[in-house]
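Engineer: Mind having a look at this structure? Questions to follow.
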Amino acid sequence: MLSVRSPRLRLGLGYLLILVLVVVGCLPPNALVASAQGGAQVIEVSPIQVLAGFPLVAGKATVVRVAIRAEQPGRATLTVVFDGHDYRQDVRLQAGQQWVDVFVDPPHKAGPLTVTASLSGGASGQSTLDTVVVSPTRGLKIFYMPTDWTPEQRRRYQYDAIVPKFVELQTDFLEAVYPLPADHVEADYTTTPHMVRTNEKALVDAGGTVDNRALSTLYGTVYLAARRQAPDADLMVAVLPPDWFGTYMASPATVGLQFKLVSGLVLAQIGIRGVVNLDEQKPIVASHEIGHVFRLNDEYDYSKSPPKRGDRIDLPGYWVIRHEPKEDSAKMPTFNFMGAAGLPDYWVRSEVYSALLKAFTDWDGRSGLRQAGGGAPTGGEG
């Protein structure tokens, strides 16, 4: 163990400490921060609401993802300028490249928008991206109506808990992947089930072929029952008990159905696995079936060998409300929500999101569209 025993040595160390403090006090205010940055620079800025590279929607939850490259660990302050506001965030730098997510207020109006990200010190450069904000032109008011739940099924499947949870999960996912602000999606439901008559459930013949006339009758009566309870709703979702399709349509793999002749109603079946763990309900059923209303097609094909279960996403995405990046990888394959049920994870791919933007906003299909990863560094070392 070292100890200071000599008075002369103690005096010398005291002078040295004073000298160090004086020198540090004379440094410019940002000198220590700049040193800690260790050659860090912003190399990319990407504002995302659903998918990277797409225009933003006024009022929708937004994150700005910033890619930073540093030569060594350190600390820095990241400043993002978005929609006229500055957002500052302290960053613990890692050697190499890292993403920093800055959650910002939603853009408030349509028009061109420039997003800038820079690190403190000024010598590390900044990245600027020009995009566009579009306006929603419509919303969705959805009414969920439990359909054909017997008293025994209500007892067995935790009816009072599972129906509200199902509505919550379906609505949250739809808000996340459709180009709509949260206040443009309204969801309501009833806990009083609508019961279907026996003759309305005779949907298949002895050979297992679906009778479209019987299906039309079923859809018509369920639609009218829901419309009486929610006359101002845009779409109705009939929430069916587990294995309803297997029992009445000889189709146990089916979990949802949209019938073109009655476009205002879709059928969505609660999954049996989600009865045990409510959070395991697949959240895509309503979004998938409502997607058919807006001319989105199924992306699975079981006639192929091996069967095709869906298309994987092709751009980085983000579930902003959950602070959850969405990327496709070998470890976690992520599929577009128009694929089959039971896949590892879901989001939306670029072609589908483009179609939804055209259906729900005033986007012209061209402006603001950029290659994902755009935003070349400018200034400083960029």
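Identifiers for the structure tokens are assigned positionally: chains receive A, B, ... in sequence, residues are indexed from 1 per chain, and ligands are indexed from 1 in the order shown.
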Can you list, as a PyMOL selection string, every protein, DNA or RNA residue that comes within 7 Å of region 223-227 of chain A when you count only C-alpha atoms, leaving out same-chain residues fewer than 6 positions away?
Structural biologist: chain A and resi 145+236+265
Engineer: Can you write out the residues you just picked, keeping C-alpha atoms, as a JSON list (two decimals), in the first residue's frame?
Structural biologist:
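out36.json was written with the following content:
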```
[["chain", "number", "residue", "atom", "x", "y", "z"],
["A", 145, "MET", "CA", -69.83, -7.69, -31.02],
["A", 236, "MET", "CA", -68.35, -4.39, -37.43],
["A", 265, "LEU", "CA", -68.68, -6.97, -41.30]]
```
Engineer: Considering only helix (DSSP H, G or I) as DSSP defines it on the backbone, what residues of region 258-326 of chain A qualify? List them as a VMD selection string.
Structural biologist: chain A and resid 273 to 276 278 to 280 285 to 293
Engineer: Between CA of Leu267 (chain A) and CA of Ala238 (chain A), what is the spacing in Å?
Structural biologist: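 About the pair CA of Ala238 (chain A) and CA of Leu267 (chain A): they are 4.8 Å apart.
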Engineer: Set out as CSV a contact list for region 240-314 of chain A and region 321-336 of chain A with a cut-off of 7 Å, giving each residue of region 240-314 of chain A that qualifies its closest atom pair and distance in Å to one decimal, counting only C-alpha atoms, ordered by chain and rising residue number.
Structural biologist:
```
residue,atom,partner,partner_atom,distance
A:Gly310,CA,A:Phe335,CA,6.4
A:Asp311,CA,A:Phe335,CA,5.6
A:Arg312,CA,A:Phe335,CA,4.0
A:Ile313,CA,A:Phe335,CA,5.5
```
Engineer: Would you export the selected residues with C-alpha atoms as a PDB file, in the first residue's frame, please?
Structural biologist:
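File produced: part-v3.pdb:
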```
ATOM      1  CA  GLY A 310     -46.803 -15.386 -45.742  1.00  0.00           C
ATOM      2  CA  ASP A 311     -44.453 -12.646 -46.964  1.00  0.00           C
ATOM      3  CA  ARG A 312     -41.773 -11.282 -44.674  1.00  0.00           C
ATOM      4  CA  ILE A 313     -41.343  -7.570 -44.099  1.00  0.00           C
TER       5      ILE A 313
END
```
Engineer: Check the smallest atom-to-atom distance from each of A:Pro306, A:Pro151, A:Gly111, A:Gly39 to Val132 (chain A) using only C-alpha atoms, then report the winner.
Structural biologist: A:Gly111
Engineer: Pick the closest to Thr137 (chain A) from A:Pro181, A:Leu169, A:Leu369, A:Glu280: which is it, counting only C-alpha atoms?
Structural biologist: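 With only C-alpha atoms as the atom set, the closest residue is A:Pro181.
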Engineer: Using only C-alpha atoms, which of A:Val133, A:Val275, A:Ala340, A:Met249 sits nearest Tyr157 (chain A)?
Structural biologist: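 Answer, going by the shortest atom-to-atom distance: A:Val275.
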Engineer: When you count only C-alpha atoms, which of these residues is closest to Tyr318 (chain A): A:Ala110, A:Ala52, A:Ala341, A:Leu235?
Structural biologist: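 Answer, going by the shortest atom-to-atom distance: A:Ala52.
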Engineer: May I have the residues within 9 Å of Asp362 (chain A) as a compact mmCIF listing (two decimals) with N, CA and C atoms, in the first residue's frame, using only C-alpha atoms and disregarding those fewer than 2 positions away in the same chain?
Structural biologist:
```txt
# COMPACT_ATOMS: atom_id res chain seq x y z
N VAL A 134 -48.12 13.93 -44.34
CA VAL A 134 -49.41 13.89 -45.05
C VAL A 134 -50.54 13.90 -44.03
N SER A 135 -51.74 14.24 -44.50
CA SER A 135 -52.90 14.34 -43.62
C SER A 135 -53.79 13.11 -43.76
N PRO A 136 -54.30 12.59 -42.64
CA PRO A 136 -55.30 11.53 -42.75
C PRO A 136 -56.59 12.09 -43.34
N THR A 137 -57.21 11.33 -44.21
CA THR A 137 -58.45 11.78 -44.86
C THR A 137 -59.68 11.06 -44.33
N LEU A 357 -51.55 3.81 -47.08
CA LEU A 357 -51.35 5.26 -47.09
C LEU A 357 -52.24 5.93 -48.14
N LYS A 358 -52.32 5.32 -49.30
CA LYS A 358 -53.17 5.88 -50.36
C LYS A 358 -54.65 5.81 -49.98
N ALA A 359 -55.03 4.80 -49.22
CA ALA A 359 -56.44 4.63 -48.85
C ALA A 359 -56.87 5.55 -47.72
N PHE A 360 -55.93 5.92 -46.83
CA PHE A 360 -56.32 6.64 -45.62
C PHE A 360 -55.79 8.07 -45.53
N ASP A 364 -49.78 11.37 -52.37
CA ASP A 364 -49.88 11.21 -53.83
C ASP A 364 -49.13 9.98 -54.35
N GLY A 365 -48.53 9.22 -53.45
CA GLY A 365 -47.83 8.01 -53.86
C GLY A 365 -46.38 8.22 -54.24
```
Engineer: Any idea what the distance is between CA of Phe143 (chain A) and CA of Ala268 (chain A)?
Structural biologist: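 Rounded to one decimal, the two atoms are 12.2 Å apart.
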Engineer: What separation in Å, quoted to one decimal, exists between CA of Gly53 (chain A) and CA of Gly96 (chain A)?
Structural biologist: 23.8 Å
Engineer: When you count only C-alpha atoms, which of these residues is closest to Ser216 (chain A): A:Tyr189, A:Tyr346, A:Phe259, A:Tyr178?
Structural biologist: A:Phe259
Engineer: Got a sec to tell me which of region 306-354 of chain A DSSP assigns to strand (DSSP E), as a list in words?
Structural biologist: Gly317, Tyr318, Trp319, Glu324, Pro325, Lys326, Thr334, Phe335, Asn336, Asp345, Tyr346 and Trp347 of chain A
Engineer: Looking at A:Ala61, A:Val45, A:Val177, A:Ala40, which one is nearest to Ala76 (chain A), with distances taken over only C-alpha atoms?
Structural biologist: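 For Ala76 (chain A), the nearest of the given residues is A:Ala40.
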